[in-house]
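Trainee: Quick one: the structure is below, questions incoming.
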Amino acid sequence: MTAPLLLLAALFLSQSPDGGAPPVVVPPSVLEAVEAVFPEAARAGGLSGVVGLEVDISEAGAVLEARVVEPAGNGFDEAAMEAIRQYRFTPATVDGVPSAVRIRFDYRFDWTAPPPASPPPDATDGGTSPAPVRPAGLIAGRVVQRGTRTPLVGVEIALPEAGLSAISGPGGRFELVEVPEGEQRVLVVAQGHEPFETRETFRAGEKLEVTYYVRRLAGSGYETTVREVRERKEVSRTTLQVTEVQRIPGSQGDSLKVVQNLPGVARPAFNGGAIAIRGTTPQQSGIYLDGIRIPVLFHFVGLTSVYNSDLLEALDYLPGNFPAAYGNAIGGVVDVKSRAGRKDRWGGTASVSVLEASGLVEGPVGDSVTVALAGRRSYVDALLSALPAGGPAQLSVAPRYYDAQARVEWRATPRNSFSLLALTSDDVSETAIDRPTSADPSFSGTFLVRTRFDQVRLRHRYGGDRWRFDTQAMVGRGGTTLKVGSAFGIDVQFVEQTLRHTTEYALADWLTLAGGIDVNNQQATVVADLREGGGNREGEPNIPGAALERVQATARDFIQYYPATWLEARWKPLPGLLVVPGIRSESYIYTEQARPRRDFSPRIAARWALNDAWTLKGGTGLYHSFPSQGDPTSRFGNPELLGSRSHQSSVGVEWRPAQAWFLSAEVFYNRLSRLTVSSSKKVERGGEQVPERLNNDGIGRVQGVELFVRRQLSDRFFGWLSYTMSRSERIDRPGEQWRPFDNDQTHVLTLIGSYQLPAGFELGARFRYATGNPFTPVVGARRDDLSDVYIPSFGAVNSGRLPAFNQLDVRLDKTFTFEQWTLEAFLEVLNAYNNPSVEGVTYSYDYRQRAYFSGIPLIPNLGVKGRF
Amino acid sequence: MSRRAPRFLATLATLLLVACNMDFERQSQVKRPRVLAVRAEPAELSAPLSPAGPPAALQVQLFALSVSPDGGAPAVRFALCRPANPYAADFECPGKDGVDLPDGRLSLLEPAVQALTGITPPPPGVPLQPASIPLFVGFECEGERGVRQVAFRFTDAPNQNPALVDLQLDGGKLQGPLVAGEEVEIVPVLGEGSRETFLLPDGGARLEPMAFSWHATGEGRIGFFRSLAPAEGDDEDLSSTRYTPDAGDGSVTFHVVARDGRGGTAWISRTVDVR
């Protein structure tokens, strides 16, 4: 008796477009199964076994090659190989295009006792009468995974007392005929699942329709995770599958926050959402959704992300030396990949936590269209409104945020697909403070923070044998409003359009050419009431607003236009060696600029797979990020600013000692120039002497080593170790000394582990250690009599250092599995041993006394999520 | 421009944390000799726009509200600072970066002042355009330094100092003894005409935004160090503060400073017993 099992991971041999295109991957399924011959010797010995196979399947679904990777002996291996070669599969598809794949396939041999011998003929009739015809029934139905309703293909359904068995086919369907009348024991055996047993009563001539819900064993993962092996052309790319990382402690179930645990990323203050990569500011890195930037990644600067994690497929993290498809960044790149709605059935999620509630509904509409709708809303405002009023601060509009996403995917033909994605996000908080703060009398009145954006994206993808096209158009609008009484106010409203197109052409097996355009246009209106030089830039300590000059200005319909083109070759001169030279041309054009500017960014990366386990990697190139928002305006900055530049270089090695293990070590050096810094000079513009405000005198250097050890989800354990040792420094003006960067953290260590326990429990922990951030010490102060505020004078920039940070977060999940849905509950404890981080230095009103101020204490977080 | 948001919010959070959590000496406490306010009389240097305007004020007298916990008034030294950043760490005024002002008198007619500032008073009768030139006066008291900006304005409506005439306790006269641990409300009383209406650069008119700073000797606790006179059209009076006396204080002296936001300053001091 045999039972073939298609396992979780399908490793795709094909390649797909990159540069931000999340492929739509459909794994193969068994179309025609052939039962292996049970080896006689094993049958005689009453032996069972499981043969692990690796099977290459063609674009047509035929078995090209099979290998035994986990032998079972006793003749099972040969029998399994003989059977698998006769299998037929539905072709796997990537973006709707049939693709060759490699899958892991387990063939199971279960020995069962032969049915009892037929009773001897009745002696009274002399053995001459025919054997009585036993009344027979019929059973038909499906085998699905309990909770997720995922069809289980290749599962054996056995009626041992009747000596009958069947293998489930596509959709988990099976049928058994001529079942003897009466009660029968039914067994369902599926690898990775608990044995399922029940009893059914059969009546002659009747058909029994059933659905069997088989419970998954711990460690098998509820969601099928299909990993496509995309061609690696970046020096360092870490891809996180969302289904793997949603339960990482400390991330509050938010997949995007997990990026903060990867090598090269500095620890964010206050557990916020800042992603500072390789010693650069968060604004100098690119955060993309499907290859197009999103204005805001998190609600309220880090509470939770603005895109529902359940509607994500994966995210790519590229800490440096990223390909020419990405631009306008001198740090790293995070590209979040959204996913289409499920095509097999309607389903979704609903979750509730301390802060918010969210939901997702998805499913097919017809054969070629899928729809997904997701939304989230916080209810902090409702909770706070229930509290009694009091104190100087009154919440006019309590913190409230919401976001929503809708995605429609239409697979027009096997090679063409269209998608429409609409997303919106809105945060608002308004607090009325009727008394000025002691520290700064200008801080009083209404504190308003509002951030919102809406985007609509239309995308077409074509995948042919040699040509691949990916085109996206986006229109969006948004705004940010900050208002602090009469002291500070800024309101930015913008509309933007983006067009992104990628073309790939496979000239030969050893050479693929790719290129594209990447155009972004923004039109903004800015109304501002600022304090000039208030220390809002990197490396500038904050000065009380009372001592600063007030600037009130309005800039209407300010245009910032960023057209870019890029070209790239993927060349394989030797087996295992991939060389990717590329160049990117980027222009930046502003309303008040004297003439348009352009920068060229040549870059090259190489990967050399020495064997299956070892790969060498390296790259070097130029990268630019361009002035944005208020910086290239005459009213708030300098329209003649140049793009900041980074010359990035890195070398490293990767080692895969076993399938589930991965290790990467990398050394990098980034030389920064033309950094935007404050200026107190006067310059001539339009025949007048005007404040320069900003210029490109800043330079920097970032160097470090990164180590990443990862154990992928297999059996029950999942986790990683991430360690970065780095040094990031700046010189703001010629003649000055090197100083540490604001987020310079010499050591950043993250340890993550998650273990699946029996009975649906999962226990995880995250430990982090990071060197404290630099700070600029106050060396004196004098009182400004008109404002009655002490104005500090500072020592050398970032010459102080905060104490190191260490914190443990733990998380316990429990999954309750019902037949058609699951309920997941979690308890997360942030800062489990209550060691509040030091997030900064605070001073008494006259700066004579100082103390560290702390971040979050121990905080528990509870939540539940239902999946149906 | 939204890139300012994270740093700005962090600053805001820091300020609120400072206000809430730290066991620092409070600005409202008089625990050592301090200068709580400096007043110029008249409130600013001025020259009329036309001969028909008010007389020029080319000299001001500076007064300091200098206090110490024992009720003394430590000496204060004034100096006019040279044009530079008066808050810089290496800036010394009084000292190498200023000209001493004996007896606290600042006169634009003094040659030393003219040499330092480069300002020569315009001859009488010369028509002027509205303008304001900031001058910085440094002061020093028992090692602590401060900066007072004094404006030299071309205007026909020079600013006047407000007058702070009384303090009221819970709606009545401020008189002791206060009962330790029992919170009281103290309200400042401004003299008539203290809040002037002035012209904005865009031609609009605005009532002066009067702000009060509250200080007290002893260990008692002032609820709000800063408070505000009600804004135009706002019925809510936010000019008061709350005060809770401490049992250890036999008496407490309140020093209240009113600032009109344009350089005009007034103060009042009152002492009451605590039991």
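Residue numbering restarts at 1 in every chain; chains get A, B, ... in the order shown in the structure tokens, and ligands count up from 1 in that same order.
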In range 44-250 of chain B, what's helix (DSSP H, G or I) per DSSP? Answer as an NGL selection string?

Mentor: :B and (102-104 or 111-117)

Trainee: Produce a table with one row for each residue of chain A that has an atom at most 9 Å from any atom of chain B, each row naming the nearest atom pair and its distance in Å at one decimal; use only C-alpha atoms; arrange rows by chain and rising residue number; format as a Markdown table.

Mentor:
| residue | atom | partner | partner_atom | distance |
| --- | --- | --- | --- | --- |
| A:Ala274 | CA | B:Pro6 | CA | 8.6 |
| A:Gln283 | CA | B:Arg3 | CA | 7.3 |
| A:Phe300 | CA | B:Pro6 | CA | 9.0 |
| A:Val301 | CA | B:Pro6 | CA | 6.5 |
| A:Asp434 | CA | B:Leu238 | CA | 7.5 |
| A:Arg435 | CA | B:Ser227 | CA | 5.7 |
| A:Pro436 | CA | B:Arg226 | CA | 6.0 |
| A:Thr437 | CA | B:Arg226 | CA | 7.3 |
| A:Ser438 | CA | B:Phe225 | CA | 6.3 |
| A:Ala439 | CA | B:Leu15 | CA | 6.5 |
| A:Asp440 | CA | B:Leu15 | CA | 8.2 |
| A:Pro441 | CA | B:Arg226 | CA | 7.4 |
| A:Phe443 | CA | B:Leu12 | CA | 8.8 |
| A:Val449 | CA | B:Ala5 | CA | 8.8 |
| A:Thr451 | CA | B:Ser2 | CA | 8.8 |
| A:Gly479 | CA | B:Ser2 | CA | 8.6 |
| A:Thr480 | CA | B:Ser2 | CA | 6.1 |
| A:Thr481 | CA | B:Ser2 | CA | 8.1 |
| A:Leu482 | CA | B:Ala5 | CA | 7.5 |
| A:Ile490 | CA | B:Met1 | CA | 7.9 |
| A:Asp491 | CA | B:Met1 | CA | 8.5 |
| A:Val492 | CA | B:Met1 | CA | 7.0 |
| A:Val526 | CA | B:Met1 | CA | 8.2 |
| A:Gly535 | CA | B:Arg7 | CA | 9.0 |
| A:Asn536 | CA | B:Arg4 | CA | 6.1 |
| A:Arg537 | CA | B:Arg4 | CA | 7.8 |
| A:Asn542 | CA | B:Thr11 | CA | 7.6 |
| A:Ala547 | CA | B:Tyr87 | CA | 9.0 |
| A:Ser628 | CA | B:Met1 | CA | 7.9 |
| A:Gln629 | CA | B:Met1 | CA | 4.8 |
| A:Gly630 | CA | B:Met1 | CA | 5.0 |
| A:Asp631 | CA | B:Met1 | CA | 7.7 |
| A:Val779 | CA | B:Ala89 | CA | 7.6 |
| A:Gly780 | CA | B:Ala89 | CA | 6.7 |
| A:Ala781 | CA | B:Tyr87 | CA | 7.6 |
| A:Arg782 | CA | B:Gly146 | CA | 4.7 |
| A:Arg783 | CA | B:Gly146 | CA | 4.3 |
| A:Asp784 | CA | B:Val147 | CA | 5.0 |
| A:Asp785 | CA | B:Arg148 | CA | 5.1 |
| A:Leu786 | CA | B:Gly263 | CA | 6.4 |
| A:Ser787 | CA | B:Gly261 | CA | 8.0 |
| A:Asp788 | CA | B:Ala37 | CA | 7.8 |
| A:Tyr790 | CA | B:Gly146 | CA | 8.1 |
| A:Ile791 | CA | B:Tyr87 | CA | 6.6 |
| A:Pro792 | CA | B:Tyr87 | CA | 7.5 |
| A:Ser793 | CA | B:Ala89 | CA | 5.1 |
| A:Phe794 | CA | B:Ala89 | CA | 7.1 |
| A:Gly795 | CA | B:Ala89 | CA | 8.4 |
| A:Gly840 | CA | B:Thr14 | CA | 8.2 |
| A:Val841 | CA | B:Thr14 | CA | 8.7 |
| A:Thr842 | CA | B:Val18 | CA | 6.4 |
| A:Tyr843 | CA | B:Val18 | CA | 7.4 |
| A:Ser844 | CA | B:Phe24 | CA | 5.6 |
| A:Tyr845 | CA | B:Gln27 | CA | 6.0 |
| A:Asp846 | CA | B:Gln27 | CA | 7.8 |
| A:Gln849 | CA | B:Phe24 | CA | 6.8 |
| A:Arg850 | CA | B:Phe24 | CA | 8.2 |
| A:Ala851 | CA | B:Met22 | CA | 7.8 |
| A:Phe853 | CA | B:Leu17 | CA | 7.5 |

Trainee: Suppose you want the space between CA of Trp510 in chain A and CA of Arg656 in chain A; what is it in Å?

Mentor: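 CA of Arg656 in chain A lies at a distance of 24.3 Å from CA of Trp510 in chain A.
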
Trainee: Asp316 in chain A: which residues within 8 Å, counting only C-alpha atoms, same-chain residues fewer than 4 positions away excluded, as a ChimeraX atom specification?

Mentor: /A:237-240,333-337

Trainee: Just asking: which residues within range 2-131 of chain B are strand (DSSP E or B) according to DSSP, as a VMD selection string?

Mentor: chain B and resid 29 34 to 41 45 to 47 57 59 to 67 77 to 81 98 to 100 105 to 107 131

Trainee: Enter the distance from CA of Ser646 in chain A to CA of His624 in chain A, in Å, rounded to one decimal.

Mentor: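 So the two atoms, CA of Ser646 in chain A and CA of His624 in chain A, lie 6.3 Å apart.
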
Trainee: Which is closer to Trp214 in chain B than all the others in B:Val113, B:Ala56, B:Val30, B:Cys93, using only C-alpha atoms?

Mentor: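 Closest candidate: B:Val30.
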
Trainee: Taking into account only C-alpha atoms, which residue in the set A:Ala374, A:Ala44, A:Val709, A:Ala404 is nearest to Gly347 in chain A?

Mentor: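 Result for the nearest residue to Gly347 in chain A: A:Ala374.
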
Trainee: If you count only C-alpha atoms, which residues fall within 6 Å of Ile731 in chain A, apart from same-chain ones fewer than 5 positions away, as a ChimeraX atom specification?

Mentor: /A:698-699,738

Trainee: Applying 8 Å and only C-alpha atoms, which residues near range 192-206 of chain B remain after dropping the ones on its own chain fewer than 5 positions away? List them as a PyMOL selection string.

Mentor: chain B and resi 160-163+260

Trainee: Leaving out Val63 in chain A and any residue of its chain fewer than 3 positions from it, which residues lie within 12 Å of it when counting only C-alpha atoms, given as number ranges by chain?

Mentor: A: 28, 30-33, 53-60, 66-67, 81-91, 100-103, 105

Trainee: Could you work out how far CA of Gly71 in chain B lies from CA of Lys173 in chain B, giving the answer in Å with one decimal?

Mentor: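 Atom-to-atom, CA of Lys173 in chain B to CA of Gly71 in chain B, that is 22.0 Å.
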